[in-house]
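Novice: Next comes query_19.txt, compact mmCIF, C-alpha atoms:
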# COMPACT_ATOMS: atom_id res chain seq x y z
CA MET A 1 209.64 -28.18 204.08
CA SER A 2 210.53 -24.59 203.36
CA THR A 3 213.83 -23.05 204.36
CA THR A 4 211.86 -20.43 206.33
CA LYS A 5 210.47 -23.12 208.63
CA TYR A 6 213.99 -24.41 209.13
CA MET A 7 215.25 -20.97 210.10
CA GLU A 8 212.47 -20.40 212.63
CA ASN A 9 213.56 -23.38 214.76
CA THR A 10 216.83 -22.83 216.53
CA SER A 11 216.54 -24.81 219.76
CA ASN A 12 218.46 -28.09 219.92
CA PRO A 13 216.63 -30.63 222.10
CA LEU A 14 217.83 -33.57 219.95
CA SER A 15 220.65 -35.89 220.77
CA THR A 16 224.02 -35.66 219.07
CA GLU A 17 224.17 -39.46 219.35
CA ALA A 18 221.26 -39.91 216.94
CA SER A 19 222.08 -41.56 213.63
CA ASP A 20 221.78 -39.72 210.32
CA GLU A 21 218.67 -41.76 209.50
CA THR A 22 217.03 -40.78 212.80
CA LEU A 23 217.87 -37.11 212.31
CA ILE A 24 216.58 -37.15 208.73
CA GLY A 25 213.36 -38.79 209.95
CA GLN A 26 212.96 -36.11 212.62
CA PHE A 27 213.66 -33.36 210.08
CA LYS A 28 211.01 -34.78 207.77
CA ALA A 29 208.61 -34.97 210.70
CA GLY A 30 209.00 -31.25 211.28
CA LYS A 31 211.80 -31.11 213.84
CA THR A 32 213.82 -28.82 211.67
CA GLU A 33 216.51 -28.34 214.31
CA ALA A 34 217.61 -31.90 213.46
CA PHE A 35 219.31 -30.37 210.46
CA ASP A 36 221.68 -28.46 212.78
CA PHE A 37 223.05 -31.79 214.00
CA LEU A 38 223.41 -33.09 210.47
CA TYR A 39 225.12 -29.84 209.53
CA HIS A 40 227.67 -29.96 212.35
CA ARG A 41 228.30 -33.65 211.74
CA HIS A 42 228.91 -33.38 208.00
CA LEU A 43 230.30 -29.86 207.66
CA PRO A 44 233.94 -30.96 208.21
CA SER A 45 233.97 -33.43 205.32
CA VAL A 46 232.00 -31.14 202.98
CA TYR A 47 234.15 -28.14 203.87
CA LYS A 48 237.43 -30.04 203.45
CA ARG A 49 236.34 -31.40 200.07
CA VAL A 50 235.21 -27.97 198.84
CA ARG A 51 238.34 -26.31 200.18
CA TYR A 52 240.45 -28.80 198.33
CA VAL A 53 239.02 -27.95 194.92
CA VAL A 54 237.63 -24.40 195.12
CA PRO A 55 239.57 -21.13 195.55
CA GLU A 56 239.72 -19.96 199.17
CA ASN A 57 237.46 -16.92 198.65
CA ASP A 58 234.61 -19.08 197.35
CA VAL A 59 234.81 -21.96 199.84
CA GLU A 60 232.16 -20.74 202.29
CA ASP A 61 229.82 -19.62 199.52
CA VAL A 62 229.93 -23.00 197.77
CA THR A 63 229.59 -24.82 201.13
CA GLN A 64 226.48 -22.75 201.92
CA GLU A 65 224.98 -23.59 198.53
CA ILE A 66 225.52 -27.29 199.20
CA PHE A 67 223.68 -27.15 202.53
CA ILE A 68 220.87 -24.98 201.14
CA ALA A 69 220.41 -27.55 198.36
CA ALA A 70 220.50 -30.31 200.99
CA ILE A 71 217.74 -28.65 203.04
CA LYS A 72 215.58 -28.24 199.96
CA SER A 73 216.15 -31.81 198.75
CA LEU A 74 216.10 -33.62 202.09
CA PRO A 75 212.30 -34.14 202.14
CA SER A 76 212.68 -36.21 198.95
CA PHE A 77 215.70 -38.15 200.27
CA ARG A 78 214.62 -41.81 200.27
CA GLY A 79 217.61 -43.31 202.02
CA ASP A 80 218.64 -45.54 199.12
CA SER A 81 222.22 -44.56 199.88
CA GLN A 82 223.91 -43.27 203.00
CA PHE A 83 223.36 -39.59 203.75
CA SER A 84 227.11 -38.97 203.56
CA THR A 85 227.25 -40.51 200.08
CA TRP A 86 224.24 -38.47 198.99
CA LEU A 87 225.84 -35.30 200.37
CA ARG A 88 229.14 -36.12 198.64
CA THR A 89 227.31 -36.41 195.28
CA LEU A 90 225.54 -33.11 195.99
CA THR A 91 228.91 -31.53 196.82
CA ASN A 92 230.39 -32.73 193.53
CA HIS A 93 227.41 -31.31 191.62
CA LYS A 94 227.71 -27.95 193.32
CA VAL A 95 231.46 -27.77 192.72
CA ALA A 96 230.89 -28.63 189.05
CA GLU A 97 228.17 -25.93 188.91
CA PHE A 98 230.60 -23.45 190.46
CA TYR A 99 233.14 -24.12 187.70
CA ARG A 100 230.45 -24.01 184.99
CA LYS A 101 229.32 -20.57 186.18
CA ARG A 102 232.91 -19.45 186.41
CA THR A 103 233.62 -20.58 182.84
CA ARG A 104 230.46 -18.84 181.62
CA LYS A 105 231.65 -15.63 183.26
CA GLN A 106 235.05 -16.35 181.69
CA GLU A 107 236.84 -15.82 184.97
CA PRO A 108 240.30 -17.35 184.66
CA MET A 109 241.27 -19.99 187.18
CA LEU A 110 244.63 -18.37 187.60
CA ALA A 111 243.47 -14.88 188.39
CA PRO A 112 246.13 -12.48 189.56
CA LEU A 113 246.41 -12.77 193.30
CA SER A 114 246.67 -9.54 195.18
CA ASP A 115 248.97 -9.16 198.16
CA ALA A 116 245.93 -8.18 200.23
CA ASN A 117 244.30 -11.51 199.42
CA ALA A 118 247.41 -13.35 200.50
CA LYS A 119 247.61 -11.38 203.73
CA ILE A 120 244.00 -12.17 204.63
CA THR A 121 244.53 -15.90 204.35
CA GLY A 122 247.99 -15.80 205.87
CA ASN A 123 249.57 -17.31 202.78
CA THR A 124 252.15 -16.00 200.41
CA SER A 125 251.12 -15.18 196.89
CA LYS A 126 253.35 -17.97 195.56
CA THR A 127 251.68 -20.59 197.78
CA MET A 128 248.28 -19.36 196.68
CA GLU A 129 249.24 -19.58 193.02
CA GLU A 130 250.58 -23.10 193.55
CA ARG A 131 247.30 -23.99 195.22
CA VAL A 132 245.19 -22.66 192.35
CA TYR A 133 247.50 -24.45 189.91
CA LEU A 134 247.03 -27.79 191.69
CA GLN A 135 243.27 -27.24 191.97
CA ARG A 136 243.06 -26.63 188.22
CA ALA A 137 245.03 -29.82 187.55
CA LEU A 138 242.71 -31.77 189.87
CA HIS A 139 239.67 -30.30 188.16
CA GLU A 140 240.92 -31.46 184.77
CA LEU A 141 241.37 -35.08 185.87
CA PRO A 142 238.83 -37.76 184.94
CA GLU A 143 236.13 -38.05 187.60
CA ASN A 144 237.22 -41.44 189.03
CA TYR A 145 240.81 -40.22 189.45
CA ARG A 146 239.73 -36.96 191.07
CA GLU A 147 237.34 -38.79 193.38
CA VAL A 148 239.90 -41.23 194.74
CA LEU A 149 242.36 -38.39 195.39
CA LEU A 150 239.71 -36.34 197.17
CA LEU A 151 238.60 -39.27 199.30
CA ARG A 152 242.17 -39.97 200.37
CA PHE A 153 243.55 -36.43 200.74
CA ALA A 154 240.61 -34.10 201.33
CA GLU A 155 238.48 -36.45 203.42
CA ASP A 156 241.45 -38.34 204.86
CA LEU A 157 239.82 -41.76 204.35
CA GLN A 158 241.89 -44.92 204.54
CA PHE A 159 242.21 -47.15 201.46
CA ASN A 160 239.98 -49.84 202.92
CA GLU A 161 237.28 -47.21 203.58
CA ILE A 162 237.60 -45.90 200.02
CA ALA A 163 237.36 -49.46 198.70
CA SER A 164 234.19 -50.01 200.70
CA LEU A 165 232.66 -46.71 199.54
CA THR A 166 233.43 -47.29 195.87
CA ASN A 167 232.51 -50.99 195.93
CA GLN A 168 235.97 -52.06 194.82
CA ASN A 169 238.51 -54.36 196.37
CA LEU A 170 241.54 -52.93 198.13
CA GLU A 171 243.99 -53.78 195.34
CA ALA A 172 241.83 -52.11 192.70
CA THR A 173 241.53 -49.02 194.90
CA LYS A 174 245.29 -48.77 195.42
CA SER A 175 245.84 -49.26 191.69
CA LEU A 176 243.31 -46.54 190.86
CA PHE A 177 245.01 -44.26 193.36
CA ARG A 178 248.47 -44.75 191.84
CA ARG A 179 247.12 -44.13 188.34
CA ALA A 180 245.35 -41.01 189.59
CA VAL A 181 248.57 -39.63 191.08
CA ALA A 182 250.39 -40.42 187.83
CA ALA A 183 247.69 -38.62 185.81
CA LEU A 184 247.93 -35.62 188.12
CA ARG A 185 251.70 -35.61 187.72
CA ALA A 186 251.29 -35.67 183.93
CA HIS A 187 248.88 -32.70 184.11
CA LEU A 188 251.30 -30.76 186.29
CA ASP A 189 254.18 -31.46 183.91
CA LYS A 190 252.26 -30.10 180.89
CA MET B 1 258.95 -54.03 190.87
CA ASN B 2 255.60 -55.02 189.32
CA ASP B 3 252.46 -52.85 189.21
CA ILE B 4 250.95 -54.38 192.35
CA ASP B 5 254.14 -53.66 194.28
CA LYS B 6 254.09 -50.11 192.97
CA ASP B 7 250.44 -49.69 194.02
CA ASN B 8 251.24 -50.97 197.50
CA HIS B 9 254.34 -48.82 197.81
CA ILE B 10 252.47 -45.61 196.87
CA ALA B 11 249.60 -46.49 199.22
CA ASP B 12 252.06 -47.17 202.07
CA PHE B 13 253.95 -43.97 201.28
CA VAL B 14 250.74 -41.91 201.57
CA ASP B 15 249.94 -43.64 204.85
CA GLY B 16 253.47 -42.88 206.10
CA LYS B 17 254.30 -46.57 206.45
CA THR B 18 257.28 -46.60 204.11
CA ALA B 19 260.20 -44.40 203.08
CA SER B 20 260.92 -43.07 199.61
CA SER B 21 261.63 -45.53 196.80
CA PRO B 22 264.79 -45.56 194.68
CA ASP B 23 262.62 -46.14 191.57
CA PRO B 24 262.60 -42.83 189.59
CA GLU B 25 258.99 -43.35 188.46
CA LEU B 26 257.81 -43.79 192.03
CA VAL B 27 259.93 -40.86 193.21
CA GLN B 28 257.98 -38.62 190.83
CA LEU B 29 254.68 -39.88 192.25
CA GLU B 30 255.94 -39.40 195.81
CA GLU B 31 256.90 -35.82 194.99
CA THR B 32 253.40 -35.19 193.63
CA ILE B 33 251.87 -36.62 196.80
CA LEU B 34 254.07 -34.43 199.00
CA ARG B 35 253.25 -31.41 196.84
CA LEU B 36 249.51 -32.06 197.26
CA LYS B 37 249.84 -32.60 201.00
CA SER B 38 251.90 -29.47 201.57
CA THR B 39 249.90 -27.13 199.33
CA LEU B 40 246.24 -28.05 199.56
CA PRO B 41 244.63 -27.59 202.96
CA SER B 42 242.79 -30.47 204.57
CA ASP B 43 241.92 -28.97 207.94
CA ALA B 44 238.28 -28.81 209.02
CA PRO B 45 236.70 -25.67 210.49
CA ASP B 46 236.80 -25.50 214.30
CA ILE B 47 233.61 -25.45 216.40
CA ALA B 48 233.46 -21.65 216.57
CA LYS B 49 233.82 -21.30 212.81
CA SER B 50 231.23 -24.04 212.22
CA LYS B 51 228.73 -22.16 214.39
CA GLN B 52 229.46 -18.87 212.63
CA MET B 53 229.00 -20.55 209.28
CA LEU B 54 225.64 -21.98 210.38
CA VAL B 55 224.49 -18.52 211.49
CA ARG B 56 225.54 -17.05 208.15
CA LEU B 57 223.83 -19.94 206.31
CA LYS B 58 220.53 -19.22 208.09
CA ALA B 59 220.87 -15.49 207.42
CA ARG B 60 221.46 -16.19 203.73
CA MET B 61 218.45 -18.49 203.50
CA LYS B 62 216.31 -15.83 205.19
CA ARG B 63 217.47 -13.23 202.68
CA GLU B 64 216.82 -15.56 199.77
CA GLU B 65 213.32 -16.41 201.05
CA GLU B 66 212.47 -12.72 201.42
CA THR B 67 213.74 -11.92 197.94
CA LYS B 68 211.88 -14.88 196.45
CA LYS B 69 208.56 -13.82 198.03
CA ILE B 70 208.33 -10.56 196.05
CA PRO B 71 207.35 -11.26 192.42
CA PHE B 72 209.41 -9.62 189.70
CA TRP B 73 206.55 -7.49 188.38
CA LYS B 74 205.88 -6.11 191.87
CA LYS B 75 209.53 -5.19 192.28
CA LEU B 76 209.46 -3.54 188.85
CA PHE B 77 206.33 -1.54 189.59
CA ASN B 78 207.46 -0.50 193.05
CA PHE B 79 207.63 3.16 192.11
CA GLN B 80 209.04 4.17 195.49
CA ALA B 81 212.02 1.87 195.02
CA ASN B 82 212.26 2.46 191.25
CA PRO B 83 211.11 6.02 190.55
CA GLN B 84 212.84 5.87 187.16
CA VAL B 85 210.50 3.07 186.04
CA GLY B 86 207.49 5.19 187.06
CA MET B 87 208.88 8.15 185.19
CA ILE B 88 209.55 6.11 182.03
CA LEU B 89 206.03 4.64 182.11
CA ALA B 90 204.46 8.09 182.59
CA VAL B 91 206.44 9.58 179.69
CA ALA B 92 205.61 6.59 177.48
CA MET B 93 201.89 6.91 178.25
CA ILE B 94 201.90 10.66 177.60
CA LEU B 95 203.65 10.09 174.26
CA ILE B 96 201.15 7.39 173.25
CA ILE B 97 198.21 9.59 174.22
CA ALA B 98 199.72 12.52 172.35
CA ILE B 99 200.30 10.45 169.20
CA ILE B 100 196.73 9.16 169.25
CA THR B 101 194.86 12.34 170.21
CA VAL B 102 196.82 15.12 168.49
CA PRO B 103 195.40 14.35 164.99
CA SER B 104 191.88 14.76 166.36
CA LEU B 105 192.67 18.24 167.65
CA GLU B 106 194.03 19.52 164.31
CA ILE B 107 192.24 22.61 163.05
CA GLY B 108 190.59 22.03 159.74
CA GLY B 109 190.67 18.24 160.12
CA SER B 110 190.59 15.92 157.13
CA SER B 111 189.50 16.82 153.62
CA ASN B 112 187.02 13.96 153.85
CA PRO B 113 184.55 15.02 156.55
CA VAL B 114 182.95 11.60 157.03
CA THR B 115 186.21 9.63 157.42
CA GLY B 116 187.76 12.41 159.54
CA THR B 117 184.91 12.45 162.00
CA ALA B 118 185.08 8.69 162.51
CA ASN B 119 188.86 8.75 163.02
CA ASN B 120 188.65 11.67 165.42
CA SER B 121 186.06 10.07 167.66
CA THR B 122 187.94 6.73 167.68
CA SER B 123 191.19 8.47 168.60
CA LEU B 124 189.45 10.41 171.37
CA LEU B 125 187.93 7.19 172.72
CA ILE B 126 191.30 5.37 172.72
CA GLY B 127 193.00 8.37 174.30
CA GLY B 128 190.34 8.65 176.96
CA GLY B 129 190.54 4.92 177.61
CA LEU B 130 194.32 5.07 178.04
CA ILE B 131 194.03 7.99 180.44
CA GLY B 132 191.43 5.99 182.36
CA ILE B 133 193.75 2.95 182.54
CA LEU B 134 196.63 5.17 183.64
CA LEU B 135 194.51 6.66 186.44
CA LEU B 136 193.29 3.19 187.45
CA VAL B 137 196.85 1.79 187.65
CA TYR B 138 197.94 4.83 189.64
CA TRP B 139 194.99 4.43 192.01
CA ILE B 140 195.67 0.69 192.55
CA PHE B 141 199.34 1.21 193.36
CA ARG B 142 198.60 4.21 195.58
CA LYS B 143 196.09 2.12 197.54
CA LYS B 144 198.75 -0.57 198.29
Write out the structure in this file as structure tokens.

Specialist:
Amino acid sequence: MSTTKYMENTSNPLSTEASDETLIGQFKAGKTEAFDFLYHRHLPSVYKRVRYVVPENDVEDVTQEIFIAAIKSLPSFRGDSQFSTWLRTLTNHKVAEFYRKRTRKQEPMLAPLSDANAKITGNTSKTMEERVYLQRALHELPENYREVLLLRFAEDLQFNEIASLTNQNLEATKSLFRRAVAALRAHLDK
Amino acid sequence: MNDIDKDNHIADFVDGKTASSPDPELVQLEETILRLKSTLPSDAPDIAKSKQMLVRLKARMKREEETKKIPFWKKLFNFQANPQVGMILAVAMILIIAIITVPSLEIGGSSNPVTGTANNSTSLLIGGGLIGILLLVYWIFRKK
């Protein structure tokens, strides 16, 4: 289904109660407005995750790219995993792509932050620099460490939910989490 | 305190179920957790912002679709949008025609009459052909 077809349908006769699977089925059947429901349902978790790892100015852009990629790939989504899991993987790919492009352009992670930028976001320059510093440290962590920190902090999932998502037991998840925090601490102390 | 106790303590600390530990190693981890919580935002966009973002997403997709529909070569040869490209092509064609046809117009021609005649007529044919192609291209683009 093309993105044009999606844009032409803006009415919302579908139910907000419908499951992801139902909405995906309706989207594939041509009811493109079903994507609006999926968007509103999953935007908070995608946005929070992106905002946690990407500089403020690029958050909406990266979020848009994730949903555009989702629209394009949804017709081939087979439902082998949950939609939220699929979207989380897509989010990670897009964030990684963002950093690859940024490295190619040789834009430093710790770019000088203008006062104007700080005023727009309502933050002080020091807070913004601390934020970029932490985001860089997170980005440099091994993937399993970064993932458990994002699931707990960015998505606000409980440890039993993280354990279920990552197919681990609760003890292993808590252990991974503590090691991830320790690794982050080590990166910050460098 | 063994590793399992440490894991449980850090997990409980994040969940707000326990106070700070006296263990210096755990204190460092607790500080890192507090630093993450206080610095990195974890708030979701409100309903109004979500709707605005959806509108902007659709607008972006529309723009991208429109840009994708026009092939590169059409954009390049859109002389109204890119008059410089038209000008460069015209100058290039005139130069090519001049290079090919000027020898045939030389007074006196070649010292070898047979070879010179053949070269001159070939050059004139190529030049004429190029002018014809130029006129044809111009006519096609003018028609669109």

Novice: For A:Val148, which residue out of A:Thr173, A:Asn57, A:Thr22, A:Gln168 is the nearest one, using all atoms listed in the file?

Specialist: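 Using all atoms listed in the file, A:Val148 sits closest to A:Thr173.
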
Novice: If I take atom CA of A:Arg88 and atom CA of A:Val46, how far is one from the other in Å, to one decimal?

Specialist: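 Separation between atom CA of A:Arg88 and atom CA of A:Val46: 7.2 Å.
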
Novice: I need the contact residues of chain A against chain B, so if you could list those with any atom within 6 Å, counting all atoms listed in the file, and return them as a PyMOL selection string, that would help.

Specialist: chain A and resi 7+44+48+52+64+131+154+174-175+178

Novice: For stretch 67-81 of chain A, work out the shell of residues within 12 Å, counting all atoms listed in the file and skipping chain neighbours fewer than 4 positions away, then give it as a VMD selection string.

Specialist: (chain A and resid 1 to 7 20 to 30 32 to 36 38 to 40 42 to 43 46 to 47 60 to 63 85 to 91 93 to 94 165) or (chain B and resid 53 to 54 56 to 62 64 to 65)

Novice: Go ahead and compute the interatomic distance for atom CA of A:Glu171 and atom CA of B:Phe13, in Å to one decimal.

Specialist: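 Between these atoms lies a distance of 15.2 Å.
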
Novice: May I have the protein, DNA and RNA residues with an atom at most 12 Å from (246.2, -24.9, 195.7), counting all atoms listed in the file in the file's coordinates, returned as a PDB file with C-alpha atoms, in the frame of the given file?

Specialist:
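Contents of result_18.pdb, freshly written:
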ATOM      1  CA  VAL A  50     235.210 -27.970 198.840  1.00  0.00           C
ATOM      2  CA  ARG A  51     238.340 -26.310 200.180  1.00  0.00           C
ATOM      3  CA  TYR A  52     240.450 -28.800 198.330  1.00  0.00           C
ATOM      4  CA  VAL A  53     239.020 -27.950 194.920  1.00  0.00           C
ATOM      5  CA  VAL A  54     237.630 -24.400 195.120  1.00  0.00           C
ATOM      6  CA  PRO A  55     239.570 -21.130 195.550  1.00  0.00           C
ATOM      7  CA  GLU A  56     239.720 -19.960 199.170  1.00  0.00           C
ATOM      8  CA  MET A 109     241.270 -19.990 187.180  1.00  0.00           C
ATOM      9  CA  LEU A 110     244.630 -18.370 187.600  1.00  0.00           C
ATOM     10  CA  ASN A 123     249.570 -17.310 202.780  1.00  0.00           C
ATOM     11  CA  THR A 124     252.150 -16.000 200.410  1.00  0.00           C
ATOM     12  CA  SER A 125     251.120 -15.180 196.890  1.00  0.00           C
ATOM     13  CA  LYS A 126     253.350 -17.970 195.560  1.00  0.00           C
ATOM     14  CA  THR A 127     251.680 -20.590 197.780  1.00  0.00           C
ATOM     15  CA  MET A 128     248.280 -19.360 196.680  1.00  0.00           C
ATOM     16  CA  GLU A 129     249.240 -19.580 193.020  1.00  0.00           C
ATOM     17  CA  GLU A 130     250.580 -23.100 193.550  1.00  0.00           C
ATOM     18  CA  ARG A 131     247.300 -23.990 195.220  1.00  0.00           C
ATOM     19  CA  VAL A 132     245.190 -22.660 192.350  1.00  0.00           C
ATOM     20  CA  TYR A 133     247.500 -24.450 189.910  1.00  0.00           C
ATOM     21  CA  LEU A 134     247.030 -27.790 191.690  1.00  0.00           C
ATOM     22  CA  GLN A 135     243.270 -27.240 191.970  1.00  0.00           C
ATOM     23  CA  ARG A 136     243.060 -26.630 188.220  1.00  0.00           C
ATOM     24  CA  ALA A 137     245.030 -29.820 187.550  1.00  0.00           C
ATOM     25  CA  LEU A 138     242.710 -31.770 189.870  1.00  0.00           C
ATOM     26  CA  HIS A 139     239.670 -30.300 188.160  1.00  0.00           C
TER      27      HIS A 139
ATOM     28  CA  ARG B  35     253.250 -31.410 196.840  1.00  0.00           C
ATOM     29  CA  LEU B  36     249.510 -32.060 197.260  1.00  0.00           C
ATOM     30  CA  LYS B  37     249.840 -32.600 201.000  1.00  0.00           C
ATOM     31  CA  SER B  38     251.900 -29.470 201.570  1.00  0.00           C
ATOM     32  CA  THR B  39     249.900 -27.130 199.330  1.00  0.00           C
ATOM     33  CA  LEU B  40     246.240 -28.050 199.560  1.00  0.00           C
ATOM     34  CA  PRO B  41     244.630 -27.590 202.960  1.00  0.00           C
ATOM     35  CA  SER B  42     242.790 -30.470 204.570  1.00  0.00           C
TER      36      SER B  42
END

Novice: Using atom CA of A:Tyr145 and atom CA of A:Ala180 as the two end points, give the distance in Å to one decimal.

Specialist: 4.6 Å

Novice: Can you list, as a PDB file with C-alpha atoms, keeping the file's coordinate frame, every protein, DNA or RNA residue that comes within 12 Å of B:Ile96 when you count all atoms listed in the file, leaving out same-chain residues fewer than 3 positions away?

Specialist:
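Generated file (result-v5.pdb):
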ATOM      1  CA  LEU B  89     206.030   4.640 182.110  1.00  0.00           C
ATOM      2  CA  ALA B  90     204.460   8.090 182.590  1.00  0.00           C
ATOM      3  CA  VAL B  91     206.440   9.580 179.690  1.00  0.00           C
ATOM      4  CA  ALA B  92     205.610   6.590 177.480  1.00  0.00           C
ATOM      5  CA  MET B  93     201.890   6.910 178.250  1.00  0.00           C
ATOM      6  CA  ILE B  99     200.300  10.450 169.200  1.00  0.00           C
ATOM      7  CA  ILE B 100     196.730   9.160 169.250  1.00  0.00           C
ATOM      8  CA  THR B 101     194.860  12.340 170.210  1.00  0.00           C
ATOM      9  CA  VAL B 102     196.820  15.120 168.490  1.00  0.00           C
ATOM     10  CA  SER B 123     191.190   8.470 168.600  1.00  0.00           C
ATOM     11  CA  ILE B 126     191.300   5.370 172.720  1.00  0.00           C
ATOM     12  CA  GLY B 127     193.000   8.370 174.300  1.00  0.00           C
ATOM     13  CA  GLY B 128     190.340   8.650 176.960  1.00  0.00           C
ATOM     14  CA  GLY B 129     190.540   4.920 177.610  1.00  0.00           C
ATOM     15  CA  LEU B 130     194.320   5.070 178.040  1.00  0.00           C
ATOM     16  CA  ILE B 131     194.030   7.990 180.440  1.00  0.00           C
ATOM     17  CA  LEU B 134     196.630   5.170 183.640  1.00  0.00           C
TER      18      LEU B 134
END

Novice: Using only C-alpha atoms, pick whichever of B:Thr18, B:Pro24, B:Tyr138, B:Met1 has the shortest atom-to-atom distance to B:Phe79.

Specialist: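 The shortest atom-to-atom distance to B:Phe79 comes from B:Tyr138.
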
Novice: In terms of the shortest atom-to-atom distance over all atoms listed in the file, which of A:Ala182, A:Arg100, A:His187, A:Glu147 is closest to A:Ile162?

Specialist: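 For A:Ile162, the nearest of the candidates is A:Glu147.
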
Novice: Please, can stretch 155-174 of chain A be completed to N, CA and C atoms and returned as a compact mmCIF listing (two decimals), in the coordinates of the input?

Specialist:
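What ended up in result_20.txt:
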# COMPACT_ATOMS: atom_id res chain seq x y z
N GLU A 155 239.31 -35.88 202.35
CA GLU A 155 238.48 -36.45 203.42
C GLU A 155 239.28 -37.34 204.36
N ASP A 156 240.54 -37.58 203.99
CA ASP A 156 241.45 -38.34 204.86
C ASP A 156 240.95 -39.76 205.15
N LEU A 157 240.31 -40.38 204.17
CA LEU A 157 239.82 -41.76 204.35
C LEU A 157 240.96 -42.74 204.09
N GLN A 158 240.90 -43.87 204.76
CA GLN A 158 241.89 -44.92 204.54
C GLN A 158 241.51 -45.71 203.28
N PHE A 159 242.48 -46.44 202.72
CA PHE A 159 242.21 -47.15 201.46
C PHE A 159 241.11 -48.20 201.59
N ASN A 160 241.05 -48.85 202.75
CA ASN A 160 239.98 -49.84 202.92
C ASN A 160 238.60 -49.17 202.98
N GLU A 161 238.55 -47.96 203.54
CA GLU A 161 237.28 -47.21 203.58
C GLU A 161 236.88 -46.77 202.17
N ILE A 162 237.88 -46.32 201.40
CA ILE A 162 237.60 -45.90 200.02
C ILE A 162 237.10 -47.09 199.21
N ALA A 163 237.76 -48.24 199.41
CA ALA A 163 237.36 -49.46 198.70
C ALA A 163 235.91 -49.80 199.01
N SER A 164 235.55 -49.69 200.28
CA SER A 164 234.19 -50.01 200.70
C SER A 164 233.18 -49.03 200.08
N LEU A 165 233.55 -47.74 200.08
CA LEU A 165 232.66 -46.71 199.54
C LEU A 165 232.44 -46.86 198.03
N THR A 166 233.51 -47.23 197.33
CA THR A 166 233.43 -47.29 195.87
C THR A 166 233.12 -48.70 195.35
N ASN A 167 232.83 -49.60 196.29
CA ASN A 167 232.51 -50.99 195.93
C ASN A 167 233.60 -51.64 195.09
N GLN A 168 234.83 -51.44 195.51
CA GLN A 168 235.97 -52.06 194.82
C GLN A 168 236.77 -52.83 195.86
N ASN A 169 237.63 -53.74 195.38
CA ASN A 169 238.51 -54.36 196.37
C ASN A 169 239.71 -53.46 196.64
N LEU A 170 240.44 -53.79 197.68
CA LEU A 170 241.54 -52.93 198.13
C LEU A 170 242.61 -52.75 197.06
N GLU A 171 242.94 -53.84 196.37
CA GLU A 171 243.99 -53.78 195.34
C GLU A 171 243.58 -52.84 194.20
N ALA A 172 242.33 -52.97 193.79
CA ALA A 172 241.83 -52.11 192.70
C ALA A 172 241.86 -50.64 193.12
N THR A 173 241.54 -50.39 194.39
CA THR A 173 241.53 -49.02 194.90
C THR A 173 242.94 -48.44 194.91
N LYS A 174 243.89 -49.24 195.38
CA LYS A 174 245.29 -48.77 195.42
C LYS A 174 245.81 -48.53 194.00
